[in-house]
Each structure stands twice: as structure tokens, then as C-alpha cells.
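Structure file start_23.tsv; described as TSV, C-alpha atoms.
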chain	number	residue	atom	x	y	z
A	13	MET	CA	108.51	59.44	123.56
A	14	GLU	CA	107.28	61.72	126.26
A	15	VAL	CA	104.57	64.27	125.61
A	16	THR	CA	106.95	67.15	126.37
A	17	GLY	CA	109.41	66.00	123.73
A	18	ILE	CA	106.75	65.56	121.08
A	19	VAL	CA	105.29	68.97	121.86
A	20	ALA	CA	108.76	70.55	121.63
A	21	LEU	CA	109.20	69.03	118.17
A	22	ALA	CA	105.71	70.12	117.19
A	23	CYS	CA	106.50	73.72	118.22
A	24	GLY	CA	109.56	73.65	115.97
A	25	PHE	CA	107.48	72.38	113.05
A	26	ILE	CA	104.69	74.88	113.65
A	27	ILE	CA	107.05	77.85	113.62
A	28	GLY	CA	109.33	76.52	110.87
A	29	LEU	CA	106.68	75.45	108.38
A	30	GLY	CA	104.65	78.58	109.07
A	31	ALA	CA	107.73	80.70	108.44
A	32	ILE	CA	108.42	78.93	105.12
A	33	GLY	CA	104.90	79.56	103.92
A	34	ALA	CA	104.81	83.18	105.02
A	35	THR	CA	108.21	84.03	103.54
A	36	ILE	CA	107.37	82.45	100.19
A	37	GLY	CA	104.07	84.30	100.14
A	38	ILE	CA	105.60	87.66	101.06
A	39	ALA	CA	108.45	87.16	98.60
A	40	LEU	CA	106.12	86.37	95.69
A	41	MET	CA	103.88	89.29	96.49
A	42	GLY	CA	106.72	91.75	97.09
A	43	GLY	CA	108.40	90.74	93.84
A	44	LYS	CA	105.20	91.17	91.88
A	45	TYR	CA	104.58	94.53	93.54
A	46	LEU	CA	108.04	95.81	92.57
A	47	GLU	CA	107.59	94.49	89.04
A	48	ALA	CA	104.18	96.08	88.69
A	49	SER	CA	105.28	99.43	90.07
A	50	ALA	CA	108.32	99.43	87.77
A	51	ARG	CA	105.98	98.96	84.81
A	52	GLN	CA	103.40	101.47	85.98
A	53	PRO	CA	104.91	103.85	88.55
A	54	GLU	CA	101.73	105.94	88.67
A	55	LEU	CA	99.86	103.00	90.28
A	56	MET	CA	102.44	102.69	93.07
A	57	ASN	CA	100.37	104.35	95.83
A	58	ASP	CA	97.21	102.37	95.10
A	59	LEU	CA	99.12	99.13	94.96
A	60	GLN	CA	101.02	99.91	98.15
A	61	THR	CA	97.83	100.02	100.27
A	62	LYS	CA	96.66	96.74	98.80
A	63	MET	CA	100.09	95.19	99.27
A	64	PHE	CA	100.13	96.12	102.96
A	65	ILE	CA	96.69	94.62	103.47
A	66	LEU	CA	97.77	91.40	101.79
A	67	ALA	CA	101.05	91.39	103.72
A	68	GLY	CA	99.01	91.58	106.91
A	69	LEU	CA	96.80	88.72	105.75
A	70	ILE	CA	99.78	86.52	104.85
A	71	ASP	CA	101.65	87.43	108.01
A	72	ALA	CA	98.65	86.72	110.22
A	73	VAL	CA	98.72	82.96	109.74
A	74	PHE	CA	102.40	82.82	110.63
A	75	LEU	CA	101.94	85.02	113.69
A	76	ILE	CA	99.01	82.92	114.85
A	77	SER	CA	101.17	79.81	114.55
A	78	VAL	CA	103.97	81.51	116.52
A	79	ALA	CA	101.48	82.40	119.24
A	80	VAL	CA	100.18	78.84	119.40
A	81	ALA	CA	103.71	77.41	119.47
A	82	LEU	CA	104.77	79.78	122.25
A	83	LEU	CA	101.64	78.91	124.19
A	84	PHE	CA	102.53	75.22	123.90
A	85	ALA	CA	106.12	75.94	124.92
A	86	PHE	CA	105.22	77.78	128.12
A	87	ALA	CA	101.74	76.79	129.18
A	88	ASN	CA	101.36	73.33	127.71
A	89	PRO	CA	97.73	72.22	127.80
A	90	PHE	CA	98.69	68.60	126.98
A	91	VAL	CA	100.59	68.16	130.22
A	92	ALA	CA	97.93	68.21	132.87
B	283	MET	CA	124.17	82.20	138.47
B	284	SER	CA	121.83	80.97	141.16
B	285	ALA	CA	119.47	78.34	139.90
B	286	GLU	CA	116.53	79.35	142.07
B	287	GLY	CA	116.05	83.10	142.28
B	288	PRO	CA	113.22	84.79	144.12
B	289	GLY	CA	109.95	85.02	142.28
B	290	PRO	CA	108.38	82.72	139.70
B	291	THR	CA	110.16	80.60	137.07
B	292	PRO	CA	109.80	81.73	133.43
B	293	SER	CA	107.08	79.17	132.81
B	294	GLU	CA	105.14	80.22	135.91
B	295	TYR	CA	105.57	83.88	135.00
B	296	ILE	CA	104.09	83.42	131.53
B	297	ARG	CA	101.31	81.17	132.72
B	298	HIS	CA	100.39	83.72	135.37
B	299	HIS	CA	100.30	86.51	132.81
B	300	LEU	CA	97.97	84.53	130.55
B	301	VAL	CA	95.16	84.23	133.10
B	302	HIS	CA	92.27	86.65	132.81
B	303	GLN	CA	90.56	88.39	135.68
B	304	ALA	CA	87.39	86.37	135.11
B	305	ASN	CA	84.25	85.83	137.14
B	306	LYS	CA	85.13	82.14	137.45
B	307	LYS	CA	87.78	79.69	136.39
B	308	GLN	CA	87.62	78.46	132.81
B	309	GLU	CA	87.11	74.71	132.55
B	310	ASN	CA	86.01	74.22	128.94
B	311	ILE	CA	87.23	75.83	125.74
B	312	VAL	CA	83.78	77.22	125.04
B	313	ASP	CA	81.88	78.50	128.05
B	314	PHE	CA	79.55	81.45	127.63
B	315	SER	CA	79.03	81.99	131.37
B	316	ILE	CA	82.59	83.28	131.80
B	317	ILE	CA	83.17	87.01	131.59
B	318	ASN	CA	86.73	88.27	131.34
B	319	ILE	CA	86.27	91.34	133.49
B	320	ASP	CA	89.65	92.90	132.62
B	321	SER	CA	89.00	92.78	128.86
B	322	VAL	CA	85.50	94.18	129.25
B	323	VAL	CA	86.60	97.04	131.50
B	324	VAL	CA	89.64	98.04	129.44
B	325	ALA	CA	87.72	97.79	126.16
B	326	SER	CA	84.82	99.86	127.50
B	327	VAL	CA	87.09	102.56	128.88
B	328	LEU	CA	89.00	102.80	125.58
B	329	GLY	CA	85.76	102.80	123.57
B	330	MET	CA	84.36	105.63	125.65
B	331	LEU	CA	87.64	107.52	125.35
B	332	ILE	CA	87.57	107.23	121.55
B	333	CYS	CA	83.93	108.30	121.35
B	334	PHE	CA	84.63	111.25	123.65
B	335	VAL	CA	87.66	112.39	121.64
B	336	LEU	CA	85.77	112.17	118.34
B	337	TRP	CA	82.79	113.96	119.88
B	338	ARG	CA	85.07	116.77	121.07
B	339	ALA	CA	86.61	116.99	117.60
B	340	ALA	CA	83.18	117.17	115.97
B	341	ARG	CA	81.87	119.78	118.42
B	342	ASN	CA	84.86	122.06	118.18
B	343	SER	CA	85.29	121.74	114.43
B	344	HIS	CA	84.94	124.89	112.37
B	345	ALA	CA	85.39	125.99	108.79
B	346	GLY	CA	88.56	127.86	108.04
B	347	VAL	CA	92.09	126.87	108.94
B	348	PRO	CA	91.81	123.77	111.16
B	349	GLY	CA	93.97	123.25	114.22
B	350	ARG	CA	96.32	120.28	114.48
B	351	PHE	CA	93.85	118.08	116.33
B	352	GLN	CA	91.01	118.83	113.96
B	353	ALA	CA	93.28	118.25	110.96
B	354	ALA	CA	94.35	114.85	112.32
B	355	VAL	CA	90.73	113.77	112.84
B	356	GLU	CA	89.80	115.09	109.40
B	357	ILE	CA	92.58	113.05	107.78
B	358	LEU	CA	91.30	109.91	109.53
B	359	VAL	CA	87.68	110.55	108.58
B	360	GLU	CA	88.61	111.24	104.96
B	361	MET	CA	90.74	108.09	104.81
B	362	VAL	CA	87.91	105.88	106.09
B	363	ASP	CA	85.37	107.68	103.92
B	364	LYS	CA	87.45	107.07	100.81
B	365	GLN	CA	87.77	103.36	101.56
B	366	ALA	CA	84.04	103.08	102.30
B	367	LYS	CA	83.15	104.85	99.04
B	368	GLY	CA	85.30	102.41	97.09
B	369	LEU	CA	83.74	99.30	98.65
B	370	ILE	CA	80.12	100.09	99.43
B	371	HIS	CA	78.09	101.45	96.54
B	372	ASN	CA	75.06	102.54	98.48
B	373	ALA	CA	74.97	106.07	99.91
B	374	ALA	CA	72.24	105.32	102.45
B	375	SER	CA	74.04	102.40	104.12
B	376	ARG	CA	77.34	104.26	103.94
B	377	LYS	CA	75.93	106.80	106.40
B	378	VAL	CA	75.88	104.05	109.04
B	379	ILE	CA	78.77	101.89	107.89
B	380	ALA	CA	81.44	104.55	107.42
B	381	PRO	CA	81.17	105.89	111.00
B	382	MET	CA	81.06	102.29	112.21
B	383	ALA	CA	84.28	101.58	110.32
B	384	LEU	CA	85.97	104.68	111.76
B	385	THR	CA	84.95	103.75	115.31
B	386	VAL	CA	86.03	100.14	114.87
B	387	PHE	CA	89.38	101.20	113.42
B	388	LEU	CA	90.18	103.62	116.24
B	389	TRP	CA	88.81	101.33	118.95
B	390	ILE	CA	90.82	98.34	117.79
B	391	PHE	CA	93.87	100.54	117.37
B	392	MET	CA	93.55	101.72	120.97
B	393	MET	CA	92.99	98.19	122.26
B	394	ASN	CA	96.02	97.00	120.31
B	395	PHE	CA	97.97	99.96	121.61
B	396	MET	CA	97.69	98.58	125.15
B	397	ASP	CA	100.37	96.16	123.91
B	398	MET	CA	102.86	99.04	123.70
B	399	ILE	CA	102.54	99.80	127.41
B	400	PRO	CA	105.24	97.87	129.32
B	401	VAL	CA	103.90	94.33	129.78
B	402	ASP	CA	104.41	94.28	133.51
B	403	LEU	CA	103.21	97.78	134.41
B	404	PHE	CA	99.51	97.10	134.86
B	405	PRO	CA	99.90	93.52	136.16
B	406	PHE	CA	102.41	94.83	138.75
B	407	LEU	CA	100.15	97.72	139.77
B	408	TRP	CA	97.33	95.23	140.11
B	409	ALA	CA	99.35	92.65	142.02
B	410	HIS	CA	101.83	94.65	144.11
B	411	GLY	CA	101.25	98.40	143.80
B	412	ILE	CA	103.42	101.12	142.33
B	413	PRO	CA	106.74	99.87	140.85
B	414	VAL	CA	109.96	100.98	142.65
B	415	ILE	CA	108.03	102.05	145.78
B	416	SER	CA	106.33	98.70	146.37
B	417	ASP	CA	108.07	95.35	146.24
B	418	HIS	CA	106.85	91.82	145.64
B	419	ASN	CA	105.62	91.50	149.22
B	420	SER	CA	103.17	94.37	149.17
B	421	ALA	CA	99.57	94.01	148.14
B	422	GLY	CA	98.52	96.16	145.23
B	423	LEU	CA	95.22	97.19	143.74
B	424	HIS	CA	93.73	93.71	143.73
B	425	ALA	CA	93.60	93.80	147.52
B	426	VAL	CA	91.60	97.05	147.35
B	427	PHE	CA	89.03	95.46	145.04
B	428	GLY	CA	89.20	92.10	146.78
B	429	ALA	CA	89.99	90.29	143.51
B	430	GLU	CA	92.68	87.84	142.49
B	431	ASP	CA	95.96	89.22	141.15
B	432	TYR	CA	95.36	88.34	137.51
B	433	MET	CA	95.31	91.13	134.98
B	434	ARG	CA	95.59	91.24	131.19
B	435	VAL	CA	95.32	94.66	129.66
B	436	VAL	CA	95.24	93.89	125.92
B	437	PRO	CA	91.57	93.24	125.16
B	438	THR	CA	92.34	92.15	121.58
B	439	ALA	CA	94.70	89.45	122.87
B	440	ASP	CA	91.56	87.81	124.23
B	441	LEU	CA	89.72	85.55	121.78
B	442	SER	CA	86.37	86.53	123.30
B	443	THR	CA	86.82	90.19	122.34
B	444	THR	CA	87.98	89.62	118.77
B	445	LEU	CA	85.40	86.95	117.99
B	446	GLY	CA	82.78	89.20	119.57
B	447	LEU	CA	83.76	91.97	117.19
B	448	SER	CA	83.75	89.67	114.16
B	449	VAL	CA	80.35	88.25	115.13
B	450	GLY	CA	79.15	91.84	115.31
B	451	VAL	CA	80.32	92.33	111.73
B	452	LEU	CA	78.58	89.08	110.74
B	453	LEU	CA	75.29	90.26	112.25
B	454	MET	CA	75.59	93.52	110.32
B	455	CYS	CA	76.23	91.50	107.14
B	456	LEU	CA	73.09	89.44	107.72
B	457	TYR	CA	71.09	92.60	108.43
B	458	TYR	CA	72.21	94.26	105.21
B	459	ASN	CA	71.69	91.07	103.21
B	460	VAL	CA	68.04	91.06	104.29
B	461	LYS	CA	67.63	94.83	104.00
B	462	ILE	CA	69.08	95.24	100.51
B	463	LYS	CA	67.93	92.04	98.81
B	464	GLY	CA	64.78	91.34	100.81
B	465	LEU	CA	64.20	88.07	102.63
B	466	GLY	CA	63.17	86.26	99.43
B	467	GLY	CA	66.05	87.65	97.41
B	468	TRP	CA	68.57	86.63	100.00
B	469	ALA	CA	67.04	83.16	100.35
B	470	HIS	CA	67.28	82.82	96.57
B	471	GLU	CA	70.93	83.87	96.68
B	472	LEU	CA	71.67	81.35	99.44
B	473	VAL	CA	70.62	78.46	97.23
B	474	SER	CA	71.75	79.80	93.83
B	475	ALA	CA	75.22	81.30	94.46
B	476	PRO	CA	78.09	80.51	93.85
B	477	PHE	CA	77.35	77.59	91.46
B	478	GLY	CA	74.13	78.84	89.89
B	479	THR	CA	70.89	76.95	89.59
B	480	SER	CA	69.21	74.73	87.03
B	481	LYS	CA	65.84	74.42	85.24
B	482	ASN	CA	65.66	70.72	86.06
B	483	PRO	CA	64.10	70.42	89.55
B	484	ILE	CA	66.35	67.52	90.64
B	485	PHE	CA	69.55	69.32	89.62
B	486	ALA	CA	68.19	72.55	91.10
B	487	MET	CA	67.65	70.74	94.41
B	488	LEU	CA	71.17	69.23	94.39
B	489	LEU	CA	72.81	72.49	93.41
B	490	GLY	CA	70.75	74.26	96.05
B	491	ILE	CA	72.09	72.00	98.80
B	492	VAL	CA	75.69	72.44	97.61
B	493	ASN	CA	75.28	76.19	97.25
B	494	PHE	CA	73.70	76.53	100.66
B	495	ALA	CA	76.51	74.51	102.26
B	496	MET	CA	79.10	76.68	100.49
B	497	GLN	CA	77.41	79.87	101.70
B	498	MET	CA	77.31	78.63	105.28
B	499	ILE	CA	80.98	77.62	105.14
B	500	GLU	CA	81.79	81.03	103.71
B	501	PHE	CA	80.00	82.86	106.53
B	502	VAL	CA	81.63	80.76	109.25
B	503	ALA	CA	85.11	80.92	107.70
B	504	LYS	CA	84.85	84.67	107.18
B	505	THR	CA	83.84	85.33	110.76
B	506	VAL	CA	86.28	82.95	112.41
B	507	SER	CA	89.29	84.04	110.34
B	508	HIS	CA	88.34	87.70	110.84
B	509	GLY	CA	88.48	87.34	114.61
B	510	MET	CA	91.34	84.85	114.79
B	511	ARG	CA	93.62	87.02	112.65
B	512	LEU	CA	93.45	89.96	115.05
B	513	PHE	CA	93.68	87.70	118.09
B	514	GLY	CA	96.66	85.76	116.76
B	515	ASN	CA	98.66	88.86	115.96
B	516	MET	CA	98.02	90.54	119.28
B	517	PHE	CA	98.53	87.35	121.29
B	518	ALA	CA	101.83	86.66	119.57
B	519	GLY	CA	102.89	90.25	120.18
B	520	GLU	CA	102.03	90.04	123.86
B	521	MET	CA	103.82	86.71	124.16
B	522	VAL	CA	107.01	88.05	122.57
B	523	PHE	CA	106.92	91.11	124.85
B	524	MET	CA	106.71	88.71	127.82
B	525	LEU	CA	109.71	86.73	126.56
B	526	ILE	CA	111.67	89.98	126.15
B	527	ALA	CA	110.69	90.96	129.68
B	528	LEU	CA	112.00	87.59	130.86
B	529	LEU	CA	115.32	88.33	129.16
B	530	GLY	CA	115.56	91.41	131.36
B	531	GLY	CA	114.55	89.30	134.35
B	532	TYR	CA	117.48	86.94	133.74
B	533	ALA	CA	119.84	89.94	133.76
B	534	ALA	CA	119.06	90.53	137.42
B	535	LEU	CA	119.92	86.94	138.35
B	536	SER	CA	123.51	86.78	137.15
B	537	PHE	CA	126.77	88.76	137.36
B	538	SER	CA	127.26	88.43	133.62
B	539	GLY	CA	123.72	89.72	133.15
B	540	GLY	CA	124.90	92.80	131.30
B	541	LEU	CA	124.71	90.92	128.02
B	542	PHE	CA	121.16	89.83	128.78
B	543	PHE	CA	120.29	93.42	129.54
B	544	ILE	CA	121.76	94.67	126.26
B	545	GLY	CA	119.88	91.92	124.44
B	546	HIS	CA	116.74	92.95	126.30
B	547	LEU	CA	117.14	96.56	125.17
B	548	ILE	CA	117.88	95.69	121.54
B	549	THR	CA	115.13	93.09	121.11
B	550	GLY	CA	112.66	95.17	123.08
B	551	THR	CA	113.27	98.25	120.95
B	552	ALA	CA	113.17	96.31	117.69
B	553	TRP	CA	109.98	94.45	118.54
B	554	ALA	CA	108.24	97.55	119.90
B	555	ILE	CA	109.00	99.47	116.69
B	556	PHE	CA	107.85	96.56	114.53
B	557	HIS	CA	104.78	96.20	116.67
B	558	ILE	CA	103.72	99.82	116.10
B	559	PHE	CA	103.45	98.82	112.44
B	560	VAL	CA	101.62	95.58	113.26
B	561	ILE	CA	98.97	97.11	115.54
B	562	THR	CA	98.12	99.83	113.02
B	563	LEU	CA	98.06	97.38	110.13
B	564	GLN	CA	95.86	94.88	111.98
B	565	ALA	CA	93.38	97.57	113.01
B	566	PHE	CA	93.32	98.78	109.39
B	567	ILE	CA	92.88	95.23	108.05
B	568	PHE	CA	90.04	94.54	110.46
B	569	MET	CA	88.29	97.69	109.29
B	570	MET	CA	88.93	96.97	105.61
B	571	LEU	CA	87.66	93.39	105.88
B	572	ALA	CA	84.56	94.58	107.73
B	573	LEU	CA	83.94	97.02	104.86
B	574	ILE	CA	84.62	94.34	102.24
B	575	TYR	CA	82.23	91.86	103.89
B	576	LEU	CA	79.54	94.52	104.23
B	577	GLY	CA	80.13	95.50	100.60
B	578	GLN	CA	79.62	91.86	99.60
B	579	ALA	CA	76.32	91.89	101.48
B	580	HIS	CA	75.22	94.72	99.16
B	581	ASP	CA	76.20	92.97	95.92
B	582	ALA	CA	73.46	90.96	94.31
B	583	HIS	CA	74.51	87.84	92.45
Give the structure from this file in C-alpha cells form.
Amino acid sequence: MEVTGIVALACGFIIGLGAIGATIGIALMGGKYLEASARQPELMNDLQTKMFILAGLIDAVFLISVAVALLFAFANPFVA
Amino acid sequence: MSAEGPGPTPSEYIRHHLVHQANKKQENIVDFSIINIDSVVVASVLGMLICFVLWRAARNSHAGVPGRFQAAVEILVEMVDKQAKGLIHNAASRKVIAPMALTVFLWIFMMNFMDMIPVDLFPFLWAHGIPVISDHNSAGLHAVFGAEDYMRVVPTADLSTTLGLSVGVLLMCLYYNVKIKGLGGWAHELVSAPFGTSKNPIFAMLLGIVNFAMQMIEFVAKTVSHGMRLFGNMFAGEMVFMLIALLGGYAALSFSGGLFFIGHLITGTAWAIFHIFVITLQAFIFMMLALIYLGQAHDAH
């Protein structure tokens, strides 16, 4: 296989697997947040700040992988 | 649709927009002799702007009913102060760290905000002059300065800037580790946390090596992930804005380009609105993690 083809496949995997991980993470956390704030509505504001921070942390890995994949797609360092 | 329009191909366009205005061409991944002049200049200007605005707010502040500007700054200061109080239990260090956190938050927010400016505005000004008046044949600002026509205006989409900031936080952590625990106390912590130590000298030695390795890994991982997180988010944002700009570029090439243009408007609006959330959140996360790491430096094990 050519390098371009392999890199194209790799970009698909990077974005796809990253998206799976990030969505599962966000879904678990969002579900727990809703559950917790249904049990204790007075904690909602405190938990919301923490949830956003964690959402940013979870999202970051996925966004980094998107950036790397897009970099490979347009400015491929493996093709000299 | 014509296959070869005027101007660069999408790949060339993106590659061109990913080159920094540097003092020399980058050959290796790590090269400390390279300075990305555009990042340094934009970051310095924004930093000075933030300091000036906060200085104005502090000078003109008064007791009594605050104006809108003063109220906005007060809300920010209170927000950061509250977070700092919750994470750093030392009033003396908080006097330095809380203002640092506020400055870092606003500075990174401003640097991230450069992403919201149309992606091609500054590169076009730099390469060809004022949009609409100039065209692709005229020489822009780079001819005035005698530089090449590369320009990237988002300093946080440059790994050097973000890792520089996170290394700054690391240095502060080391400083506070030594200051709070003393050199001996910190050295003891390096070899006894996180797995504890033992009375038996052989086990104490082994545990010390493992603990020390763990501590080093922790420091490196903290710093690298701290910087990479901000960089990755901003770089991805910039990249997607470029792709959206390309969608608009395709509209000009074809008669049926109206659909591309509508797509350009919809995706551009959606991503810009989402990105307002992302840039604020990432600036906030960077500040919070800096506070958390500095708070850890104050905790004795």
C-alpha cells in the first residue's frame, strides 16, 4: 500500500476511535451529573462548574486527535 | 467547474497557513534557536493590552455604585479569587497566585480569541494588503517589513507558546514546593510519596527509586498535558476554520457554488458559536489546572 492510503486510513481511525472514547466519556459523565443533580438539586451549580471542567478535559483528547488527523490529511509529514 | 482555478489548491492553502513567521526555517521537531516572531508579537501585544485594561480598572475603581466596566472586572476578580481560595490554603502565596491566575486566564482568553477573527483577515493583510481594495497581485504588509508572507495570529495554536506557559506553571510549582516544604522536606517527599517508605533500608531504597520515578513522571505528564490540551483545542479550531474558509473558496469556483456558500455560512456560524464556548472553557481550564497544580505544591504528604 502507498503511504498516502495508509495515512488516510489512519486519519479515519484517529478521528473515529477518538470520537468513540470522547462520546462514551461525556455520556457517562453527563448521565451521572443529571442523576446527581436530580438527587440533590441544591448542589447543581457546584457540580456544573466541575462538569464543564471535566467535559473540557475529556473533549481535549478528541480535539487534539482531530487536529493531528487534519494535519496529516493536509500537510502530511510522512510524504516528503 | 474548472479544475484549476487561480490561487493555491486546498492543500497548498492550508500548508501555507500553518507556517509561522519565524527567524529561520524549522528543520527538527525540537529546535530552541527558532523564534516564532508572529506568536511572540501577538502574545506580547495582547498581554500588554490585558495588563493595561486591568490597570485602568484598578486605578479608576471607587467605592459606591460601580460602572459597567468596573462591575465586569470585579466579577472576574471575585470569580478567580473564589477558585483560588478553594484550592490554595495559604493566604501569603494566594497574594501572588490569584493575580497570576487572573492574568493567565484573561491572557489565554485573548490569545484564544484571535481564533474568532476571520482566519484570512490578518494573513491577507500581511500578504496582499487590505481586502477588497487589494487583490492577490499586490504586495501587503510583509513587503513593508521585508519579511516573508507567513502569518499566524493565534499564539495558543503554537505549541511553543502553550508549552512555554505550562513550563512557567511547572517552575512556579517547583518554587512553591521548595518554599513551603523546604529543600529537605521536598526531597523527602520526592522519595516517599506516593507509595510511602519503609524502616528496612533496602526496601526504603527500592521504594525511594520507584517513588522518585513516579514523581518525575507526574511532573512531566502534568506539564506536557497542560500545554498540549490548550494547543490541541486551539489548533483544531483554527484548522476547522480554515476548512470552512475553503468551503467558501469553492463557492467562487463553480456556478452551482450557492450550495457551498450556504454550507459555508451554516458551518461557519455553528463552529464560531461553539468555539466561543471552547475558547472560554479552555482558558478557564488552564487557569484551574494551574491553581490545582500550585495547590498540590502546597500540600504536604
- Message: Taking all atoms listed in the file into account, find every residue of chain B that has an atom no more than 7 Å from chain A, and write it out as a PyMOL selection string.
- Response: chain B and resi 293+296-297+511+514-515+517-518+521+563-564+567
- How far is it from atom CA of Phe351 of chain B to atom CA of Leu388 of chain B, in Å with one decimal?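 Going from atom CA of Phe351 of chain B over to atom CA of Leu388 of chain B covers 14.9 Å.
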- Message: When you look at segment 453-461 of chain B with a cut-off of 7 Å (counting all atoms listed in the file), what residues show up, excluding the ones that are within fewer than 6 positions of it in the same chain? I need them as a ChimeraX atom specification.
- Response: /B:468,575-576,579-580
- Do you know which residues are at most 12 Å from segment 55-61 of chain A counting only C-alpha atoms, after dropping those on the same chain fewer than 2 positions away, and could you put them as a list in words?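 Answer for this query is Met41, Gly42, Lys44, Tyr45, Leu46, Glu47, Ala48, Ser49, Ala50, Arg51, Gln52, Pro53, Met63, Phe64, Ile65, Leu66, Ala67 and Gly68 of chain A; Met361, Gln365, Leu563, Phe566, Ile567 and Met570 of chain B.
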- Message: For Ser442 of chain B, find every residue with an atom within 9 Å (counting all atoms listed in the file), except residues of its own chain fewer than 3 positions away, and show them as a list in words.
- Response: Ile317, Asn318, Ser321, Pro437, Thr438, Ala439, Leu445, Gly446, Leu447 and Gly509 of chain B
To test the calculation: enclose all listed atoms of segment 56-60 of chain A in a box whose edges run along x, y and z, add 6 Å on each side, then state centre and edge lengths in Å to one decimal, as lines of an AutoDock Vina configuration file.
center_x = 99.8
center_y = 101.7
center_z = 95.6
size_x = 17.2
size_y = 17.2
size_z = 17.1
- Give me, please, the distance in Å between atom CA of Arg341 of chain B and atom CA of Val386 of chain B, quoted to one decimal.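 Separation of atom CA of Arg341 of chain B and atom CA of Val386 of chain B: 20.4 Å.
Atom CA of Glu356 of chain B to atom CA of Leu452 of chain B spans 28.4 Å [interatomic distance, one decimal].
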- Message: So that I can check the surroundings of Glu500 of chain B, please list as a list in words every protein, DNA and RNA residue that reaches within 12 Å of it, counting all atoms listed in the file and ignoring chain neighbours fewer than 5 positions away.
- Response: Leu452, Leu472, Ala475, Pro476, Asn493, Phe494, Ala495, Thr505, Val506, Ser507, His508, Tyr575 and Gln578 of chain B
- Query: From the set B:Phe404, B:Tyr532, B:Phe568, B:Phe542, which residue has the shortest atom-to-atom contact distance to Thr291 of chain B, counting only C-alpha atoms?
  - Reply: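 Answer, going by the shortest atom-to-atom distance: B:Tyr532.
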